[in-house]
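Novice: Dropping in target23.cif, with mmCIF, C-alpha atoms and all ligand atoms.
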```
data_target
#
loop_
_atom_site.label_atom_id
_atom_site.label_comp_id
_atom_site.auth_asym_id
_atom_site.auth_seq_id
_atom_site.Cartn_x
_atom_site.Cartn_y
_atom_site.Cartn_z
CA MET Y 1 8.52 13.19 7.46
CA ARG Y 2 10.53 10.26 6.18
CA ILE Y 3 9.43 6.87 7.40
CA GLY Y 4 12.68 6.30 9.35
CA GLU Y 5 12.22 9.51 11.32
CA MET Y 6 8.59 8.66 11.87
CA ILE Y 7 9.47 5.23 13.27
CA ALA Y 8 11.94 6.84 15.69
CA ALA Y 9 9.46 9.56 16.71
CA VAL Y 10 6.71 7.03 17.30
CA GLN Y 11 9.02 4.76 19.30
CA GLN Y 12 10.01 7.71 21.47
CA ALA Y 13 6.35 8.58 22.03
CA LEU Y 14 5.60 4.95 22.91
CA GLY Y 15 8.50 4.83 25.33
CA VAL Y 16 10.02 1.80 23.63
CA GLU Y 17 13.64 1.44 22.60
CA VAL Y 18 14.34 3.85 19.74
CA ASP Y 19 16.11 1.62 17.21
CA GLY Y 20 14.34 2.72 14.02
CA LYS Y 21 13.11 -0.84 13.41
CA ALA Y 22 9.36 -0.99 13.56
CA GLY Y 23 7.65 -3.95 15.22
CA PRO Y 24 3.89 -4.53 15.27
CA GLN Y 25 3.32 -1.98 18.07
CA THR Y 26 5.26 0.74 16.27
CA TRP Y 27 3.56 0.01 12.96
CA GLY Y 28 0.20 0.21 14.66
CA ALA Y 29 1.05 3.62 16.11
CA ILE Y 30 2.44 4.87 12.79
CA TYR Y 31 -0.71 3.71 11.11
CA ALA Y 32 -2.81 5.61 13.65
CA ARG Y 33 -0.78 8.78 13.04
CA LEU Y 34 -1.02 8.58 9.31
CA VAL Y 35 -4.64 7.69 8.72
CA ASP Y 36 -5.86 11.21 9.45
CA LYS Y 37 -3.38 12.84 7.11
CA LYS Y 38 -4.92 14.65 4.16
CA ILE Y 39 -3.93 13.34 0.76
CA ASP Y 40 -2.32 16.17 -1.15
CA GLY Y 41 -2.18 14.72 -4.64
CA VAL Y 42 0.86 14.55 -6.89
CA LYS Y 43 4.29 15.15 -5.44
CA PRO Y 44 7.49 15.46 -7.46
CA PHE Y 45 9.53 12.32 -7.10
CA GLU Y 46 13.11 11.68 -7.94
CA ALA Y 47 13.63 8.87 -10.40
CA VAL Y 48 13.24 5.53 -8.71
CA SER Y 49 15.11 2.49 -10.02
CA PRO Y 50 13.15 -0.49 -11.38
CA VAL Y 51 11.79 -3.21 -9.11
CA ASP Y 52 11.06 -6.88 -9.86
CA ASP Y 53 9.89 -7.88 -13.35
CA ARG Y 54 6.40 -8.92 -12.31
CA SER Y 55 5.74 -5.60 -10.59
CA GLU Y 56 7.30 -3.67 -13.47
CA SER Y 57 5.00 -5.32 -16.02
CA VAL Y 58 2.00 -4.12 -14.00
CA ILE Y 59 3.50 -0.70 -13.21
CA ALA Y 60 3.89 -0.15 -16.97
CA THR Y 61 0.09 -0.14 -17.29
CA LEU Y 62 -0.27 2.78 -14.83
CA LEU Y 63 -0.18 6.48 -15.67
CA PRO Y 64 3.39 7.89 -15.70
CA GLU Y 65 2.65 9.99 -12.59
CA VAL Y 66 1.80 6.87 -10.59
CA ARG Y 67 4.69 4.64 -11.69
CA PRO Y 68 7.52 6.11 -9.55
CA ILE Y 69 5.30 6.08 -6.48
CA ALA Y 70 4.37 2.42 -7.01
CA ARG Y 71 8.08 1.59 -7.35
CA ALA Y 72 8.89 3.63 -4.26
CA LEU Y 73 6.28 1.68 -2.31
CA VAL Y 74 7.83 -1.67 -3.31
CA GLN Y 75 11.26 -0.38 -2.30
CA LYS Y 76 10.14 1.18 0.98
CA ALA Y 77 8.37 -2.03 1.91
CA ALA Y 78 11.55 -3.98 1.10
CA SER Y 79 13.55 -1.62 3.35
CA ALA Y 80 11.08 -2.40 6.10
CA GLY Y 81 11.61 -6.14 5.51
CA ILE Y 82 8.33 -6.71 3.67
CA THR Y 83 8.25 -8.24 0.19
CA ILE Y 84 5.42 -6.92 -1.94
CA ARG Y 85 4.69 -7.18 -5.65
CA VAL Y 86 2.39 -4.97 -7.66
CA ILE Y 87 -0.08 -7.57 -8.93
CA SER Y 88 -2.85 -5.54 -10.56
CA GLY Y 89 -2.91 -2.19 -12.34
CA LEU Y 90 -4.92 -0.85 -15.24
CA ARG Y 91 -8.11 -2.66 -16.19
CA THR Y 92 -9.63 -1.52 -19.47
CA TYR Y 93 -13.38 -0.86 -19.69
CA GLU Y 94 -13.66 -4.17 -21.57
CA GLU Y 95 -11.82 -6.06 -18.84
CA GLN Y 96 -13.92 -4.37 -16.16
CA ALA Y 97 -17.13 -5.26 -18.01
CA ALA Y 98 -16.03 -8.91 -18.21
CA LEU Y 99 -15.28 -8.94 -14.47
CA TYR Y 100 -18.64 -7.34 -13.69
CA ALA Y 101 -20.42 -9.93 -15.81
CA GLN Y 102 -18.88 -12.76 -13.81
CA GLY Y 103 -21.50 -14.20 -11.45
CA ARG Y 104 -24.20 -12.17 -13.19
CA THR Y 105 -24.41 -13.14 -16.85
CA THR Y 106 -21.34 -15.39 -17.04
CA PRO Y 107 -20.32 -18.35 -14.84
CA GLY Y 108 -18.40 -17.95 -11.59
CA LYS Y 109 -18.59 -16.00 -8.37
CA LYS Y 110 -19.27 -12.25 -8.26
CA VAL Y 111 -15.93 -10.49 -7.92
CA THR Y 112 -16.80 -6.81 -8.26
CA ASN Y 113 -19.65 -4.35 -7.89
CA ALA Y 114 -18.01 -1.89 -10.27
CA ARG Y 115 -19.23 -1.66 -13.84
CA ALA Y 116 -16.93 -0.44 -16.62
CA GLY Y 117 -15.79 3.10 -15.79
CA TYR Y 118 -16.72 2.76 -12.11
CA SER Y 119 -13.38 1.49 -10.81
CA ASN Y 120 -10.29 3.64 -10.31
CA HIS Y 121 -8.40 0.77 -11.93
CA ASN Y 122 -10.02 1.75 -15.24
CA PHE Y 123 -7.99 4.98 -15.37
CA GLY Y 124 -4.44 3.87 -14.52
CA ILE Y 125 -4.42 5.66 -11.15
CA ALA Y 126 -4.88 2.56 -8.95
CA PHE Y 127 -2.94 -0.60 -8.24
CA ASP Y 128 -3.10 -3.60 -5.93
CA VAL Y 129 -0.17 -5.17 -4.13
CA GLY Y 130 0.39 -8.66 -2.81
CA VAL Y 131 2.48 -9.46 0.26
CA PHE Y 132 4.88 -12.37 -0.27
CA GLU Y 133 6.90 -14.55 2.04
CA GLY Y 134 9.50 -16.12 -0.19
CA SER Y 135 7.52 -17.08 -3.27
CA LYS Y 136 4.33 -17.58 -1.28
CA TYR Y 137 1.57 -15.02 -1.84
CA LEU Y 138 -0.30 -14.05 1.34
CA PRO Y 139 -3.83 -12.84 0.58
CA GLU Y 140 -4.12 -11.71 4.19
CA SER Y 141 -1.41 -10.55 6.55
CA PRO Y 142 -0.92 -7.83 9.19
CA LYS Y 143 1.85 -6.59 6.91
CA TYR Y 144 -0.77 -5.04 4.61
CA ARG Y 145 -1.41 -2.41 7.28
CA ALA Y 146 2.27 -1.59 7.49
CA VAL Y 147 2.42 -1.25 3.71
CA GLY Y 148 -0.68 0.94 3.92
CA ALA Y 149 1.16 3.32 6.25
CA LEU Y 150 4.12 3.45 3.86
CA GLY Y 151 1.80 4.19 0.92
CA ILE Y 152 0.08 7.01 2.77
CA ASP Y 153 3.49 8.48 3.57
CA LEU Y 154 4.14 8.53 -0.18
CA GLY Y 155 0.93 10.49 -0.82
CA LEU Y 156 -1.18 7.52 -1.89
CA GLU Y 157 -4.70 6.80 -0.78
CA TRP Y 158 -5.00 3.37 0.82
CA GLY Y 159 -8.04 1.09 0.41
CA GLY Y 160 -7.54 -0.18 3.96
CA ASN Y 161 -8.93 3.15 5.20
CA TRP Y 162 -12.16 2.86 3.29
CA LYS Y 163 -15.27 2.74 5.41
CA THR Y 164 -17.54 0.74 3.14
CA ILE Y 165 -15.44 -1.91 1.40
CA VAL Y 166 -12.07 -2.27 3.14
CA ASP Y 167 -9.54 -3.16 0.46
CA GLN Y 168 -6.08 -3.50 2.04
CA PRO Y 169 -4.13 -4.42 -1.13
CA HIS Y 170 -5.45 -1.31 -2.95
CA PHE Y 171 -3.65 2.02 -3.48
CA GLN Y 172 -4.52 4.97 -5.65
CA LEU Y 173 -3.12 8.40 -6.45
CA ARG Y 174 -5.95 10.89 -6.12
CA PRO Y 175 -5.65 13.82 -8.54
CA ALA Y 176 -5.32 17.23 -6.85
CA TRP Y 177 -8.63 18.40 -8.39
CA ALA Y 178 -10.39 15.52 -6.60
CA ALA Y 179 -8.98 16.34 -3.14
CA ASP Y 180 -12.40 17.23 -1.72
CA GLU Y 181 -14.53 15.07 -3.99
CA SER Y 182 -16.32 11.87 -3.09
CA GLU Y 183 -15.27 8.67 -4.81
CA GLN Y 184 -18.39 8.84 -6.99
CA GLN Y 185 -17.72 12.45 -8.02
CA MET Y 186 -14.12 11.64 -8.83
CA LEU Y 187 -15.11 8.63 -10.94
CA ALA Y 188 -17.68 10.72 -12.85
CA GLU Y 189 -14.99 13.30 -13.67
CA LEU Y 190 -12.52 10.56 -14.64
CA ARG Y 191 -15.06 9.09 -17.08
CA SER Y 192 -15.76 12.49 -18.54
CA ARG Y 193 -12.04 13.27 -18.92
CA ARG Y 194 -11.55 9.94 -20.66
CA ASP Y 195 -14.39 10.73 -23.07
CA ARG Y 196 -12.97 14.21 -23.75
CA GLY Y 197 -9.41 12.88 -24.07
CA GLN Y 198 -8.28 15.13 -21.21
CA ALA Y 199 -5.34 14.10 -19.00
CA VAL Y 200 -6.17 12.79 -15.53
CA TYR Y 201 -3.49 14.78 -13.66
CA ALA Y 202 -3.89 18.09 -15.53
ZN ZN R 1 -7.64 -2.24 -6.34
#
```
Could you show the structure in this file as structure tokens?
Ligand SMILES: [Zn+2]
Specialist:
Amino acid sequence: MRIGEMIAAVQQALGVEVDGKAGPQTWGAIYARLVDKKIDGVKPFEAVSPVDDRSESVIATLLPEVRPIARALVQKAASAGITIRVISGLRTYEEQAALYAQGRTTPGKKVTNARAGYSNHNFGIAFDVGVFEGSKYLPESPKYRAVGALGIDLGLEWGGNWKTIVDQPHFQLRPAWAADESEQQMLAELRSRRDRGQAVYA
């Protein structure tokens, strides 16, 4: 179901005026409908035109299968009146190791519990978005939930649904082979595919 139809359907179910423009109540209901939906992996997407330069520079670090979906998310959010940028994409093993060291063996605050090879960002299948109002970056906003619903509609997995560490800016495209795998199992297979030089979405 396209997001426009879903907004209308949800508004009808809520008994509010069906105008296709989602307010907080509608977004909440859409979110509730979508969170139980099973992620079905890669979908064919029509070519999506480029978004802003900052997002594009990050999108370029993602696997080709993920790029059009990341662009589509930026555009869908814009259609819903929400400005997002893709602010983080691929992190190499070296970059992940440096992040993990922070607050442990190097100065600063701990920022991650994931060692190199233990974050989906290390494989080009995950990205983080930032919500903006004008040029102002909002680290927290109810809009992240709305963007989460849009991402799920595009077949992405949303970090806002995670039980352990809720991560609202985070999205990832789960490979079809990992549909029924735990996060740990998926990461183990991703590491092994990387070592073997095997494609993630094959
Ligand atoms: Zn992330």
Novice: Rank Y:Ala146, Y:Ala176, Y:Ala77, Y:Ile87 by their smallest atom-to-atom distance to ligand ZN 1 (chain R), using all atoms listed in the file, and report the top residue only.
Specialist: Y:Ile87
Novice: For ligand ZN 1 (chain R), list the contacting residues at 6 Å or closer, counting all atoms listed in the file, as a ChimeraX atom specification.
Specialist: /Y:127-128,170
Novice: Could you jot down the atom CA of Y:Ser119 to atom CA of Y:Asn161 separation for me, Å, one decimal place?
Specialist: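 It comes out at 16.7 Å.
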Novice: Would you work out the distance separating atom CA of Y:Glu65 from atom CA of Y:Ala98, expressed in Å to one decimal?
Specialist: 27.2 Å
Novice: Skip Y:Ile82 itself and residues of its chain fewer than 5 positions away, then list as an NGL selection string all residues within 8 Å of it, counting only C-alpha atoms.
Specialist: :Y and (77 or 131-132 or 143)
Novice: I want to know what sits within 7 Å of Y:Thr61, based on all atoms listed in the file, with residues of the same chain fewer than 6 positions away left out; could you give that as a JSON list (two decimals) with C-alpha atoms, in the coordinates of the input?
Specialist:
```
[["chain", "number", "residue", "atom", "x", "y", "z"],
["Y", 89, "GLY", "CA", -2.91, -2.19, -12.34],
["Y", 90, "LEU", "CA", -4.92, -0.85, -15.24],
["Y", 124, "GLY", "CA", -4.44, 3.87, -14.52]]
```
Novice: What is the distance, in Å and to one decimal place, between atom CA of Y:Val166 and atom CA of Y:Asn113?
Specialist: 13.5 Å
Novice: Using all atoms listed in the file, which protein or nucleic acid residues come within 8 Å of Y:Gly160? Drop anything in the same chain fewer than 5 positions from it, and give the result as an MDAnalysis selection string.
Specialist: chainID Y and resid 145 148 166:170
Novice: Restrict the selected residues to C-alpha atoms and save them as a compact mmCIF listing (two decimals), in the coordinates of the input.
Specialist:
```txt
# COMPACT_ATOMS: atom_id res chain seq x y z
CA ARG Y 145 -1.41 -2.41 7.28
CA GLY Y 148 -0.68 0.94 3.92
CA VAL Y 166 -12.07 -2.27 3.14
CA ASP Y 167 -9.54 -3.16 0.46
CA GLN Y 168 -6.08 -3.50 2.04
CA PRO Y 169 -4.13 -4.42 -1.13
CA HIS Y 170 -5.45 -1.31 -2.95
```
